[in-house]
Structure formats: structure tokens, C-alpha cells
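Structure, as C-alpha cells:
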Amino acid sequence: MPSSAVFHAVNCRRSYSRVTSFAPTREELLPLVAAAARVADHGALRPWRLLELRGAARERLGAAFVAASACVGDDALKLAGKPLRAPLLLAVIVSRRVSVKVADWEQDAVAAGVAHLLTLLLEDADWGAMWRTGPLVRSAAVRELHGLGDGEELLGWLYVGGVPADCKPGVRLSIDPEEFLGAL
Ligand SMILES: Cc1cc2nc3c(=O)[nH]c(=O)nc-3n(C[C@H](O)[C@H](O)[C@H](O)COP(=O)(O)O)c2cc1C
């Protein structure tokens with residue numbers, strides 16, 4: 001079994017569905033974003049961007065969820081409260097570049113790779129994060145709130161906050177790698 005810090009970080013990676021109200025500052029985030037940008041990137045197109053949603057921006061996202069849904073009353077209130085589950089949401093956006101060499105799906109893979117690396121880096125910096133989407137992620141109201149342009153899609157949000165002192169252990173079971181590593 002490898003004993004490197006990278007192996008340990010990846011092997012122990014988990015999501016935190018519940019986080020505290022403390023969040024990394026923009027200054028703390030910047031080096032993590034720069035490191036996540038080292039993900040493999042065909043043609044170095046950098047086909048992604050992130051948006052910070054803090055404070056009232058999360059309430060505007062909740063309002064966009066309600067506007068995009070048929071929910072009313074208590075259901076609407078519940079929906080509006082979903083983005084408030086973490087003090088910081090990082091919207092992950094793929095910004096597909098026009099390219100004859102690099103297909104859209106490859107660019108989507110780069111943006112997703114940035115998000116995965118960022119969750120790992122956040123955990124390494126003792127923050128809790130969870131990637132969430134939901135059925136309204138591609139709705140017009142949510143698109144408009146994020147100011148998405150042509151060729152852009154929202155891949156969801158990293159919900160980020162502090163790790164609660166009473167946080168339960170992660171639930172994901174380990175796999176049998178023999179089942180997943182074949183050979184031709
Ligand atoms: C693109 C993407 C979208 C996701 N969206 C949701 C979501 O909307 N709701 C949810 O409960 N989990 C979602 N997940 C899964 C969680 O982020 C998490 O991986 C899962 O709860 C398992 O926990 P673990 O990462 O600790 O193993 C999503 C994961 C990815 C990669």
C-alpha cells in the first residue's frame with residue numbers, strides 16, 4: 001500500500017454534507033484554485049470558471065430555484081433554503097471553447113477535474129466540501145443568475161464550510177479494484 005501524502009489524501013477523501021458557518025476567505029481560496037488549475041487540460045484551453053456565492057447571493061440562488069420550480073408554500077420555503085446549507089457555494093462552470101481539436105466532452109472533463117481537485121484541496125486545508133447539483137441546475141432562472149454565456153453550462157456547486165466537531169465518519173465503502181481494472 002503506498003504511503004505518500006497524496007495517496008492518503010485521495011484514499012481518505014470524503015464529502016461533508018453538513019458544514020459549519022465558517023468558510024475560507026477569497027484569499028485562502030486563490031492558491032487552491034491555482035493548484036486545481038493544474039488538472040490535465042487538452043490544448044490548455046482552460047475551459048472553466050468558478051463563482052463565489054456568499055451571504056445574500058445564496059438567497060438569490062434559493063429564489064432562482066423557486067422561480068424555476070412549480071413549488072409553493074412550505075415546499076418553496078424548503079427549496080429556497082437549500083443554498084443556505086453552507087456559508088460558501090462555489091459554482092462550477094464549464095466554458096466550452098470553440099476548438100476543432102478538443103471536443104466538448106473533453107472540456108467538460110477538464111472542468112469536472114478542476115472541481116474534483118478543488119474538493120480534495122479544500123479537504124486537505126481542513127475545510128468540508130460537497131459537490132451538489134439538483135434538478136434545477138440547468139434551469140433558465142439559475143443560468144441567468146450565474147450570467148452564463150453561450151457555450152457555458154453549470155456543473156453544480158461545491159458547498160463549502162467548516163468541518164463540524166461532531167461530524168460522523170464517511171459512509172462510502174471501498175471498492176474491489178480487481179472489478180474495475182480490466183485489461184485488453
Ligand atoms: C457532479 C456531481 C453532482 C452531485 N450532485 C449531488 C447532489 O445534488 N446531491 C447529493 O446528495 N450528492 C451529489 N453528489 C454526490 C456527493 O458530492 C458525494 O460524492 C456523495 O454524497 C458521496 O459522498 P462521498 O463523496 O463522501 O463518498 C454529486 C457528485 C458529483 C460529482
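Scheme for the C-alpha cells: letters A, B, ... for chains in order shown; per-chain residue numbers from 1; ligand numbers from 1 in order shown.
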
Each chain A residue no farther than 7 Å from ligand 1, nearest pair in Å, only C-alpha atoms and all ligand atoms, as JSON lines:
{"residue": "A:Arg13", "atom": "CA", "partner": "ligand 1", "partner_atom_place_in_ligand_line": "26 (O)", "distance": 6.9}
{"residue": "A:Arg14", "atom": "CA", "partner": "ligand 1", "partner_atom_place_in_ligand_line": "26 (O)", "distance": 3.5}
{"residue": "A:Ser15", "atom": "CA", "partner": "ligand 1", "partner_atom_place_in_ligand_line": "26 (O)", "distance": 3.6}
{"residue": "A:Tyr16", "atom": "CA", "partner": "ligand 1", "partner_atom_place_in_ligand_line": "26 (O)", "distance": 6.5}
{"residue": "A:Met130", "atom": "CA", "partner": "ligand 1", "partner_atom_place_in_ligand_line": "17 (O)", "distance": 4.7}
{"residue": "A:Trp131", "atom": "CA", "partner": "ligand 1", "partner_atom_place_in_ligand_line": "17 (O)", "distance": 3.9}
{"residue": "A:Arg132", "atom": "CA", "partner": "ligand 1", "partner_atom_place_in_ligand_line": "5 (N)", "distance": 3.5}
{"residue": "A:Thr133", "atom": "CA", "partner": "ligand 1", "partner_atom_place_in_ligand_line": "8 (O)", "distance": 3.7}
{"residue": "A:Gly134", "atom": "CA", "partner": "ligand 1", "partner_atom_place_in_ligand_line": "8 (O)", "distance": 4.2}
{"residue": "A:Leu155", "atom": "CA", "partner": "ligand 1", "partner_atom_place_in_ligand_line": "1 (C)", "distance": 6.2}
{"residue": "A:Gly156", "atom": "CA", "partner": "ligand 1", "partner_atom_place_in_ligand_line": "3 (C)", "distance": 6.3}
{"residue": "A:Gly170", "atom": "CA", "partner": "ligand 1", "partner_atom_place_in_ligand_line": "26 (O)", "distance": 5.5}
{"residue": "A:Val171", "atom": "CA", "partner": "ligand 1", "partner_atom_place_in_ligand_line": "26 (O)", "distance": 6.4}
{"residue": "A:Arg172", "atom": "CA", "partner": "ligand 1", "partner_atom_place_in_ligand_line": "27 (O)", "distance": 4.7}

Would you write out, as JSON lines, a table of all residues in stretch 71-113 of chain A that have an atom no more than 6 Å from an atom of stretch 36-47 of chain A, listing for each the closest atom pair and the distance in Å to one decimal, considering only C-alpha atoms and ordering rows by chain and rising residue number?
{"residue": "A:Val94", "atom": "CA", "partner": "A:Pro47", "partner_atom": "CA", "distance": 5.8}
{"residue": "A:Ser95", "atom": "CA", "partner": "A:Pro47", "partner_atom": "CA", "distance": 4.7}
{"residue": "A:Arg96", "atom": "CA", "partner": "A:Pro47", "partner_atom": "CA", "distance": 5.4}
{"residue": "A:Gln107", "atom": "CA", "partner": "A:Pro47", "partner_atom": "CA", "distance": 5.9}
{"residue": "A:Val110", "atom": "CA", "partner": "A:Asp41", "partner_atom": "CA", "distance": 5.8}

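Nearest to A:Ser139 of all the residues A:Glu106, A:Glu153, A:Glu179, A:Asp124 is A:Glu153, counting only C-alpha atoms.
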
- Based on DSSP run over this structure's backbone, return all residues of stretch 21-157 of chain A in alpha helix (DSSP H), as a ChimeraX atom specification. /A:26-36,56-68,73-81,104-124,140-146

As a check of understanding: the span from atom CA of A:Ala86 to atom CA of A:Ala109 is 25.5 Å

Could you work out how far atom CA of A:Ala91 lies from atom CA of A:Pro135, giving the answer in Å with one decimal?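 Answer for the atom CA of A:Pro135 to atom CA of A:Ala91 separation: 15.1 Å.
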
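The residue that comes closest to A:Arg138, out of A:Cys167, A:Leu184, A:Ala9, A:Leu154 and on the basis of only C-alpha atoms, is A:Leu154.
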
*Minimum-distance residue to A:His116, chosen among A:Val66, A:Leu158, A:Leu136, A:Val100 (using only C-alpha atoms)*: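 Comparing A:Val66, A:Leu158, A:Leu136, A:Val100 against A:His116, the winner is A:Leu158.
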
Using backbone DSSP assignments, extract all strand (DSSP E or B) residues from stretch 61-179 of chain A; output them as a PyMOL selection string. chain A and resi 88-95+127-132+152-162

task = Would you list the contacts of stretch 69-75 of chain A as a PyMOL selection string, taking every protein, DNA or RNA residue within 10 Å and counting only C-alpha atoms, but skipping same-chain residues closer than 4 positions in sequence?
result = chain A and resi 63-65+79-81+135-136+139+141

Limited to C-alpha atoms, could you put the picked residues into a file as a PDB file, in the first residue's frame?
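Written output follows (again_39.pdb):
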ATOM      1  CA  ALA A  63     -35.112  32.418  -5.153  1.00  0.00           C
ATOM      2  CA  ALA A  64     -33.957  31.213  -8.588  1.00  0.00           C
ATOM      3  CA  PHE A  65     -34.671  27.604  -7.518  1.00  0.00           C
ATOM      4  CA  LEU A  79     -36.217  24.828  -1.729  1.00  0.00           C
ATOM      5  CA  ALA A  80     -35.241  28.439  -1.087  1.00  0.00           C
ATOM      6  CA  GLY A  81     -33.260  27.297   1.955  1.00  0.00           C
ATOM      7  CA  PRO A 135     -32.772  19.023 -10.899  1.00  0.00           C
ATOM      8  CA  LEU A 136     -32.802  22.832 -11.371  1.00  0.00           C
ATOM      9  CA  SER A 139     -32.934  25.829 -15.486  1.00  0.00           C
ATOM     10  CA  ALA A 141     -33.550  31.128 -13.872  1.00  0.00           C
TER      11      ALA A 141
END

Could you build a table of the residues in stretch 41-113 of chain A lying no more than 10 Å from stretch 17-34 of chain A, giving for each the nearest pair of atoms and their separation in Å rounded to one decimal place, using only C-alpha atoms, ordered by chain and ascending residue number, as JSON lines?
{"residue": "A:Arg49", "atom": "CA", "partner": "A:Val33", "partner_atom": "CA", "distance": 9.9}
{"residue": "A:Leu50", "atom": "CA", "partner": "A:Val33", "partner_atom": "CA", "distance": 8.9}
{"residue": "A:Glu52", "atom": "CA", "partner": "A:Arg26", "partner_atom": "CA", "distance": 8.4}
{"residue": "A:Arg54", "atom": "CA", "partner": "A:Ala23", "partner_atom": "CA", "distance": 9.2}
{"residue": "A:Leu84", "atom": "CA", "partner": "A:Ser21", "partner_atom": "CA", "distance": 9.7}
{"residue": "A:Arg85", "atom": "CA", "partner": "A:Arg18", "partner_atom": "CA", "distance": 7.2}
{"residue": "A:Ala86", "atom": "CA", "partner": "A:Val19", "partner_atom": "CA", "distance": 6.1}
{"residue": "A:Pro87", "atom": "CA", "partner": "A:Ser21", "partner_atom": "CA", "distance": 5.3}
{"residue": "A:Leu88", "atom": "CA", "partner": "A:Ala23", "partner_atom": "CA", "distance": 6.1}
{"residue": "A:Leu89", "atom": "CA", "partner": "A:Ala23", "partner_atom": "CA", "distance": 9.5}

Serialized selection, N, CA and C atoms, as a compact mmCIF listing (two decimals), in the first residue's frame:
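What landed in out-v2.txt:
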# COMPACT_ATOMS: atom_id res chain seq x y z
N ARG A 49 -14.65 28.20 -15.28
CA ARG A 49 -14.55 29.31 -14.33
C ARG A 49 -15.39 28.97 -13.12
N LEU A 50 -15.11 29.67 -12.02
CA LEU A 50 -15.83 29.43 -10.76
C LEU A 50 -16.44 30.75 -10.30
N GLU A 52 -17.95 32.60 -6.67
CA GLU A 52 -18.22 32.50 -5.23
C GLU A 52 -19.65 33.00 -4.96
N ARG A 54 -21.71 33.88 -1.63
CA ARG A 54 -21.71 34.02 -0.18
C ARG A 54 -22.91 34.88 0.21
N LEU A 84 -28.56 27.59 1.57
CA LEU A 84 -28.09 28.14 2.85
C LEU A 84 -27.42 27.07 3.71
N ARG A 85 -27.31 25.85 3.14
CA ARG A 85 -26.70 24.76 3.92
C ARG A 85 -25.20 24.93 4.12
N ALA A 86 -24.60 25.85 3.41
CA ALA A 86 -23.15 26.10 3.58
C ALA A 86 -22.91 27.60 3.43
N PRO A 87 -21.91 28.13 4.11
CA PRO A 87 -21.65 29.58 4.02
C PRO A 87 -21.06 30.02 2.68
N LEU A 88 -20.50 29.06 1.97
CA LEU A 88 -19.88 29.38 0.67
C LEU A 88 -20.26 28.32 -0.35
N LEU A 89 -20.78 28.76 -1.48
CA LEU A 89 -21.01 27.86 -2.61
C LEU A 89 -20.08 28.31 -3.73

- Measuring atom to atom with only C-alpha atoms, identify which of A:Asp150, A:Glu178, A:Glu59, A:Asp126 is nearest to A:Arg97.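 Result for the nearest residue to A:Arg97: A:Asp150.
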
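Here the question is which of A:Val114, A:Val163, A:Cys12, A:Val137 gets nearest to A:Gly62 using only C-alpha atoms, and that residue is A:Val137.
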
Exercise for the section: Determine the nearest neighbour of A:Val10 from the options A:Leu117, A:Glu144, A:Gly55, A:Ala67, counting only C-alpha atoms. Expected result: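 That would be A:Leu117, the residue with the smallest distance to A:Val10.
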